[in-house]
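S.K.: Handing over protein-v1.cif, mmCIF, N, CA and C atoms.
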```cif
data_final
#
loop_
_atom_site.label_atom_id
_atom_site.label_comp_id
_atom_site.auth_asym_id
_atom_site.auth_seq_id
_atom_site.Cartn_x
_atom_site.Cartn_y
_atom_site.Cartn_z
N MET D 1 -35.54 -38.48 -60.86
CA MET D 1 -36.66 -38.79 -59.99
C MET D 1 -36.34 -38.34 -58.56
N VAL D 2 -37.31 -37.72 -57.92
CA VAL D 2 -37.15 -37.25 -56.55
C VAL D 2 -37.35 -38.40 -55.59
N LYS D 3 -36.43 -38.57 -54.65
CA LYS D 3 -36.51 -39.67 -53.69
C LYS D 3 -37.61 -39.48 -52.67
N ASP D 4 -37.87 -38.24 -52.30
CA ASP D 4 -38.88 -37.94 -51.28
C ASP D 4 -39.79 -36.81 -51.77
N PRO D 5 -40.79 -37.14 -52.59
CA PRO D 5 -41.64 -36.10 -53.16
C PRO D 5 -42.33 -35.21 -52.12
N ALA D 6 -42.79 -35.81 -51.02
CA ALA D 6 -43.46 -35.01 -49.98
C ALA D 6 -42.48 -34.06 -49.32
N GLY D 7 -41.27 -34.52 -49.07
CA GLY D 7 -40.25 -33.65 -48.48
C GLY D 7 -39.86 -32.53 -49.42
N GLU D 8 -39.77 -32.84 -50.70
CA GLU D 8 -39.44 -31.84 -51.71
C GLU D 8 -40.53 -30.77 -51.77
N LEU D 9 -41.78 -31.20 -51.78
CA LEU D 9 -42.89 -30.25 -51.79
C LEU D 9 -42.88 -29.39 -50.53
N ALA D 10 -42.63 -30.00 -49.41
CA ALA D 10 -42.58 -29.26 -48.14
C ALA D 10 -41.50 -28.17 -48.20
N GLU D 11 -40.32 -28.52 -48.71
CA GLU D 11 -39.25 -27.52 -48.82
C GLU D 11 -39.63 -26.39 -49.77
N GLN D 12 -40.29 -26.73 -50.87
CA GLN D 12 -40.73 -25.71 -51.81
C GLN D 12 -41.75 -24.78 -51.17
N LEU D 13 -42.67 -25.34 -50.41
CA LEU D 13 -43.70 -24.52 -49.76
C LEU D 13 -43.11 -23.63 -48.68
N VAL D 14 -42.15 -24.14 -47.92
CA VAL D 14 -41.50 -23.33 -46.89
C VAL D 14 -40.71 -22.19 -47.54
N THR D 15 -40.00 -22.50 -48.61
CA THR D 15 -39.24 -21.47 -49.32
C THR D 15 -40.18 -20.41 -49.87
N LEU D 16 -41.29 -20.84 -50.42
CA LEU D 16 -42.29 -19.91 -50.95
C LEU D 16 -42.86 -19.03 -49.84
N ALA D 17 -43.19 -19.62 -48.71
CA ALA D 17 -43.74 -18.86 -47.59
C ALA D 17 -42.72 -17.84 -47.07
N ASP D 18 -41.46 -18.25 -46.96
CA ASP D 18 -40.43 -17.31 -46.52
C ASP D 18 -40.30 -16.14 -47.48
N GLY D 19 -40.29 -16.44 -48.76
CA GLY D 19 -40.18 -15.39 -49.77
C GLY D 19 -41.36 -14.45 -49.76
N ALA D 20 -42.56 -15.00 -49.65
CA ALA D 20 -43.76 -14.16 -49.62
C ALA D 20 -43.77 -13.27 -48.38
N ALA D 21 -43.36 -13.84 -47.25
CA ALA D 21 -43.31 -13.05 -46.02
C ALA D 21 -42.28 -11.93 -46.14
N GLY D 22 -41.14 -12.24 -46.71
CA GLY D 22 -40.11 -11.22 -46.91
C GLY D 22 -40.57 -10.10 -47.81
N ARG D 23 -41.21 -10.46 -48.93
CA ARG D 23 -41.73 -9.45 -49.86
C ARG D 23 -42.80 -8.59 -49.17
N ALA D 24 -43.66 -9.21 -48.39
CA ALA D 24 -44.71 -8.46 -47.70
C ALA D 24 -44.09 -7.43 -46.76
N MET D 25 -43.02 -7.84 -46.06
CA MET D 25 -42.37 -6.89 -45.14
C MET D 25 -41.67 -5.77 -45.91
N ILE D 26 -40.96 -6.12 -46.97
CA ILE D 26 -40.22 -5.12 -47.74
C ILE D 26 -41.18 -4.13 -48.40
N LEU D 27 -42.26 -4.64 -48.96
CA LEU D 27 -43.22 -3.78 -49.65
C LEU D 27 -44.25 -3.16 -48.71
N ASN D 28 -44.23 -3.60 -47.43
CA ASN D 28 -45.19 -3.12 -46.44
C ASN D 28 -46.63 -3.32 -46.93
N ARG D 29 -46.88 -4.56 -47.41
CA ARG D 29 -48.21 -4.90 -47.91
C ARG D 29 -48.68 -6.17 -47.24
N VAL D 30 -49.62 -6.04 -46.33
CA VAL D 30 -50.10 -7.19 -45.58
C VAL D 30 -50.89 -8.17 -46.45
N ASP D 31 -51.37 -7.72 -47.60
CA ASP D 31 -52.15 -8.59 -48.48
C ASP D 31 -51.29 -9.36 -49.47
N TYR D 32 -49.98 -9.25 -49.37
CA TYR D 32 -49.10 -9.88 -50.35
C TYR D 32 -49.16 -11.41 -50.29
N GLY D 33 -49.61 -11.96 -49.20
CA GLY D 33 -49.69 -13.40 -49.05
C GLY D 33 -50.57 -14.08 -50.08
N ARG D 34 -51.47 -13.32 -50.69
CA ARG D 34 -52.35 -13.91 -51.70
C ARG D 34 -51.56 -14.44 -52.88
N HIS D 35 -50.44 -13.80 -53.20
CA HIS D 35 -49.59 -14.28 -54.29
C HIS D 35 -48.92 -15.60 -53.90
N GLY D 36 -48.47 -15.66 -52.69
CA GLY D 36 -47.88 -16.90 -52.19
C GLY D 36 -48.90 -18.03 -52.14
N ARG D 37 -50.10 -17.70 -51.76
CA ARG D 37 -51.17 -18.70 -51.70
C ARG D 37 -51.47 -19.25 -53.09
N ALA D 38 -51.52 -18.39 -54.08
CA ALA D 38 -51.79 -18.84 -55.45
C ALA D 38 -50.66 -19.75 -55.96
N ALA D 39 -49.43 -19.38 -55.65
CA ALA D 39 -48.30 -20.20 -56.06
C ALA D 39 -48.30 -21.53 -55.32
N ALA D 40 -48.64 -21.52 -54.04
CA ALA D 40 -48.71 -22.76 -53.26
C ALA D 40 -49.80 -23.68 -53.81
N ASP D 41 -50.93 -23.11 -54.18
CA ASP D 41 -52.01 -23.91 -54.77
C ASP D 41 -51.52 -24.60 -56.05
N ALA D 42 -50.75 -23.88 -56.87
CA ALA D 42 -50.22 -24.45 -58.11
C ALA D 42 -49.23 -25.57 -57.81
N LEU D 43 -48.35 -25.37 -56.84
CA LEU D 43 -47.39 -26.42 -56.47
C LEU D 43 -48.11 -27.67 -55.97
N ILE D 44 -49.09 -27.49 -55.11
CA ILE D 44 -49.81 -28.63 -54.54
C ILE D 44 -50.61 -29.35 -55.62
N SER D 45 -51.25 -28.59 -56.49
CA SER D 45 -52.02 -29.19 -57.58
C SER D 45 -51.12 -30.03 -58.48
N GLN D 46 -49.96 -29.49 -58.81
CA GLN D 46 -49.02 -30.24 -59.65
C GLN D 46 -48.51 -31.49 -58.95
N ALA D 47 -48.25 -31.39 -57.67
CA ALA D 47 -47.76 -32.53 -56.89
C ALA D 47 -48.82 -33.64 -56.83
N LEU D 48 -50.09 -33.27 -56.75
CA LEU D 48 -51.15 -34.27 -56.69
C LEU D 48 -51.33 -35.00 -58.01
N LYS D 49 -50.97 -34.34 -59.12
CA LYS D 49 -51.06 -34.97 -60.44
C LYS D 49 -49.97 -36.01 -60.64
N ALA D 50 -48.85 -35.80 -59.96
CA ALA D 50 -47.69 -36.69 -60.17
C ALA D 50 -47.84 -38.02 -59.46
#
```
The structure given in the file should be rewritten as C-alpha cells.

M.R.:
Amino acid sequence: MVKDPAGELAEQLVTLADGAAGRAMILNRVDYGRHGRAAADALISQALKA
C-alpha cells in the first residue's frame, strides 16, 4: 500500500512530463506532448478509481 497516493501520482506525472519533454527534444517533434498527455490521463483516471 502506498503511504502517500497523491505524492506518488505527482512523482509519476513529473517523471512522465520529463520523459515526454526529453523525447520531444530528441525527436525534434513539438507535438510529442500528446503522447504524454494520453499517458497522464490514464494515470489520473486510474488514481481516481483507487

S.K.: Taking the file above as input, evaluate the PyMOL selection byres (((chain D and resi 12-17 and name CA) around 9) and name CA) and report the hits as a tab-separated table (two decimals) with N, CA and C atoms, in the frame of the given file.

M.R.:
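Writing the result to selection-v2.tsv gives the following:
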```tsv
chain	number	residue	atom	x	y	z
D	7	GLY	N	-41.27	-34.52	-49.07
D	7	GLY	CA	-40.25	-33.65	-48.48
D	7	GLY	C	-39.86	-32.53	-49.42
D	8	GLU	N	-39.77	-32.84	-50.70
D	8	GLU	CA	-39.44	-31.84	-51.71
D	8	GLU	C	-40.53	-30.77	-51.77
D	9	LEU	N	-41.78	-31.20	-51.78
D	9	LEU	CA	-42.89	-30.25	-51.79
D	9	LEU	C	-42.88	-29.39	-50.53
D	10	ALA	N	-42.63	-30.00	-49.41
D	10	ALA	CA	-42.58	-29.26	-48.14
D	10	ALA	C	-41.50	-28.17	-48.20
D	11	GLU	N	-40.32	-28.52	-48.71
D	11	GLU	CA	-39.25	-27.52	-48.82
D	11	GLU	C	-39.63	-26.39	-49.77
D	18	ASP	N	-41.46	-18.25	-46.96
D	18	ASP	CA	-40.43	-17.31	-46.52
D	18	ASP	C	-40.30	-16.14	-47.48
D	19	GLY	N	-40.29	-16.44	-48.76
D	19	GLY	CA	-40.18	-15.39	-49.77
D	19	GLY	C	-41.36	-14.45	-49.76
D	20	ALA	N	-42.56	-15.00	-49.65
D	20	ALA	CA	-43.76	-14.16	-49.62
D	20	ALA	C	-43.77	-13.27	-48.38
D	21	ALA	N	-43.36	-13.84	-47.25
D	21	ALA	CA	-43.31	-13.05	-46.02
D	21	ALA	C	-42.28	-11.93	-46.14
D	22	GLY	N	-41.14	-12.24	-46.71
D	22	GLY	CA	-40.11	-11.22	-46.91
D	22	GLY	C	-40.57	-10.10	-47.81
D	33	GLY	N	-49.61	-11.96	-49.20
D	33	GLY	CA	-49.69	-13.40	-49.05
D	33	GLY	C	-50.57	-14.08	-50.08
D	36	GLY	N	-48.47	-15.66	-52.69
D	36	GLY	CA	-47.88	-16.90	-52.19
D	36	GLY	C	-48.90	-18.03	-52.14
D	37	ARG	N	-50.10	-17.70	-51.76
D	37	ARG	CA	-51.17	-18.70	-51.70
D	37	ARG	C	-51.47	-19.25	-53.09
D	39	ALA	N	-49.43	-19.38	-55.65
D	39	ALA	CA	-48.30	-20.20	-56.06
D	39	ALA	C	-48.30	-21.53	-55.32
D	40	ALA	N	-48.64	-21.52	-54.04
D	40	ALA	CA	-48.71	-22.76	-53.26
D	40	ALA	C	-49.80	-23.68	-53.81
D	43	LEU	N	-48.35	-25.37	-56.84
D	43	LEU	CA	-47.39	-26.42	-56.47
D	43	LEU	C	-48.11	-27.67	-55.97
D	44	ILE	N	-49.09	-27.49	-55.11
D	44	ILE	CA	-49.81	-28.63	-54.54
D	44	ILE	C	-50.61	-29.35	-55.62
```

S.K.: Write down as an MDAnalysis selection string the residues belonging to chain D that are assigned alpha helix (DSSP H) by DSSP computed on the backbone.

M.R.: chainID D and resid 5:27 33:49

S.K.: Write the residues of the selection above to a file with N, CA and C atoms, as a short mmCIF file (atom, residue, chain, number, x, y, z; two decimals), in the frame of the given file.

M.R.:
```cif
data_model
loop_
_atom_site.label_atom_id
_atom_site.label_comp_id
_atom_site.auth_asym_id
_atom_site.auth_seq_id
_atom_site.Cartn_x
_atom_site.Cartn_y
_atom_site.Cartn_z
N PRO D 5 -40.79 -37.14 -52.59
CA PRO D 5 -41.64 -36.10 -53.16
C PRO D 5 -42.33 -35.21 -52.12
N ALA D 6 -42.79 -35.81 -51.02
CA ALA D 6 -43.46 -35.01 -49.98
C ALA D 6 -42.48 -34.06 -49.32
N GLY D 7 -41.27 -34.52 -49.07
CA GLY D 7 -40.25 -33.65 -48.48
C GLY D 7 -39.86 -32.53 -49.42
N GLU D 8 -39.77 -32.84 -50.70
CA GLU D 8 -39.44 -31.84 -51.71
C GLU D 8 -40.53 -30.77 -51.77
N LEU D 9 -41.78 -31.20 -51.78
CA LEU D 9 -42.89 -30.25 -51.79
C LEU D 9 -42.88 -29.39 -50.53
N ALA D 10 -42.63 -30.00 -49.41
CA ALA D 10 -42.58 -29.26 -48.14
C ALA D 10 -41.50 -28.17 -48.20
N GLU D 11 -40.32 -28.52 -48.71
CA GLU D 11 -39.25 -27.52 -48.82
C GLU D 11 -39.63 -26.39 -49.77
N GLN D 12 -40.29 -26.73 -50.87
CA GLN D 12 -40.73 -25.71 -51.81
C GLN D 12 -41.75 -24.78 -51.17
N LEU D 13 -42.67 -25.34 -50.41
CA LEU D 13 -43.70 -24.52 -49.76
C LEU D 13 -43.11 -23.63 -48.68
N VAL D 14 -42.15 -24.14 -47.92
CA VAL D 14 -41.50 -23.33 -46.89
C VAL D 14 -40.71 -22.19 -47.54
N THR D 15 -40.00 -22.50 -48.61
CA THR D 15 -39.24 -21.47 -49.32
C THR D 15 -40.18 -20.41 -49.87
N LEU D 16 -41.29 -20.84 -50.42
CA LEU D 16 -42.29 -19.91 -50.95
C LEU D 16 -42.86 -19.03 -49.84
N ALA D 17 -43.19 -19.62 -48.71
CA ALA D 17 -43.74 -18.86 -47.59
C ALA D 17 -42.72 -17.84 -47.07
N ASP D 18 -41.46 -18.25 -46.96
CA ASP D 18 -40.43 -17.31 -46.52
C ASP D 18 -40.30 -16.14 -47.48
N GLY D 19 -40.29 -16.44 -48.76
CA GLY D 19 -40.18 -15.39 -49.77
C GLY D 19 -41.36 -14.45 -49.76
N ALA D 20 -42.56 -15.00 -49.65
CA ALA D 20 -43.76 -14.16 -49.62
C ALA D 20 -43.77 -13.27 -48.38
N ALA D 21 -43.36 -13.84 -47.25
CA ALA D 21 -43.31 -13.05 -46.02
C ALA D 21 -42.28 -11.93 -46.14
N GLY D 22 -41.14 -12.24 -46.71
CA GLY D 22 -40.11 -11.22 -46.91
C GLY D 22 -40.57 -10.10 -47.81
N ARG D 23 -41.21 -10.46 -48.93
CA ARG D 23 -41.73 -9.45 -49.86
C ARG D 23 -42.80 -8.59 -49.17
N ALA D 24 -43.66 -9.21 -48.39
CA ALA D 24 -44.71 -8.46 -47.70
C ALA D 24 -44.09 -7.43 -46.76
N MET D 25 -43.02 -7.84 -46.06
CA MET D 25 -42.37 -6.89 -45.14
C MET D 25 -41.67 -5.77 -45.91
N ILE D 26 -40.96 -6.12 -46.97
CA ILE D 26 -40.22 -5.12 -47.74
C ILE D 26 -41.18 -4.13 -48.40
N LEU D 27 -42.26 -4.64 -48.96
CA LEU D 27 -43.22 -3.78 -49.65
C LEU D 27 -44.25 -3.16 -48.71
N GLY D 33 -49.61 -11.96 -49.20
CA GLY D 33 -49.69 -13.40 -49.05
C GLY D 33 -50.57 -14.08 -50.08
N ARG D 34 -51.47 -13.32 -50.69
CA ARG D 34 -52.35 -13.91 -51.70
C ARG D 34 -51.56 -14.44 -52.88
N HIS D 35 -50.44 -13.80 -53.20
CA HIS D 35 -49.59 -14.28 -54.29
C HIS D 35 -48.92 -15.60 -53.90
N GLY D 36 -48.47 -15.66 -52.69
CA GLY D 36 -47.88 -16.90 -52.19
C GLY D 36 -48.90 -18.03 -52.14
N ARG D 37 -50.10 -17.70 -51.76
CA ARG D 37 -51.17 -18.70 -51.70
C ARG D 37 -51.47 -19.25 -53.09
N ALA D 38 -51.52 -18.39 -54.08
CA ALA D 38 -51.79 -18.84 -55.45
C ALA D 38 -50.66 -19.75 -55.96
N ALA D 39 -49.43 -19.38 -55.65
CA ALA D 39 -48.30 -20.20 -56.06
C ALA D 39 -48.30 -21.53 -55.32
N ALA D 40 -48.64 -21.52 -54.04
CA ALA D 40 -48.71 -22.76 -53.26
C ALA D 40 -49.80 -23.68 -53.81
N ASP D 41 -50.93 -23.11 -54.18
CA ASP D 41 -52.01 -23.91 -54.77
C ASP D 41 -51.52 -24.60 -56.05
N ALA D 42 -50.75 -23.88 -56.87
CA ALA D 42 -50.22 -24.45 -58.11
C ALA D 42 -49.23 -25.57 -57.81
N LEU D 43 -48.35 -25.37 -56.84
CA LEU D 43 -47.39 -26.42 -56.47
C LEU D 43 -48.11 -27.67 -55.97
N ILE D 44 -49.09 -27.49 -55.11
CA ILE D 44 -49.81 -28.63 -54.54
C ILE D 44 -50.61 -29.35 -55.62
N SER D 45 -51.25 -28.59 -56.49
CA SER D 45 -52.02 -29.19 -57.58
C SER D 45 -51.12 -30.03 -58.48
N GLN D 46 -49.96 -29.49 -58.81
CA GLN D 46 -49.02 -30.24 -59.65
C GLN D 46 -48.51 -31.49 -58.95
N ALA D 47 -48.25 -31.39 -57.67
CA ALA D 47 -47.76 -32.53 -56.89
C ALA D 47 -48.82 -33.64 -56.83
N LEU D 48 -50.09 -33.27 -56.75
CA LEU D 48 -51.15 -34.27 -56.69
C LEU D 48 -51.33 -35.00 -58.01
N LYS D 49 -50.97 -34.34 -59.12
CA LYS D 49 -51.06 -34.97 -60.44
C LYS D 49 -49.97 -36.01 -60.64
#
```

S.K.: If I take CA of Ala47 in chain D and CA of Arg34 in chain D, how far is one from the other in Å, to one decimal?

M.R.: 19.9 Å

S.K.: Taking every listed atom of range 7-24 of chain D and adding 3 Å to each side, what centre and edge lengths in Å (one decimal) does the axis-aligned box have, as lines of an AutoDock Vina configuration file?

M.R.:
```
center_x = -42.0
center_y = -21.0
center_z = -48.9
size_x = 11.5
size_y = 33.1
size_z = 11.8
```

S.K.: Could you tell me how far atom C of Ser45 in chain D sits from CA of Asp4 in chain D, in Å to one decimal place?

M.R.: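 So the answer is 16.3 Å.
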
S.K.: What does the distance between atom C of Met25 in chain D and CA of Gln46 in chain D come to in Å, to one decimal place?

M.R.: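 Separation between atom C of Met25 in chain D and CA of Gln46 in chain D: 29.0 Å.
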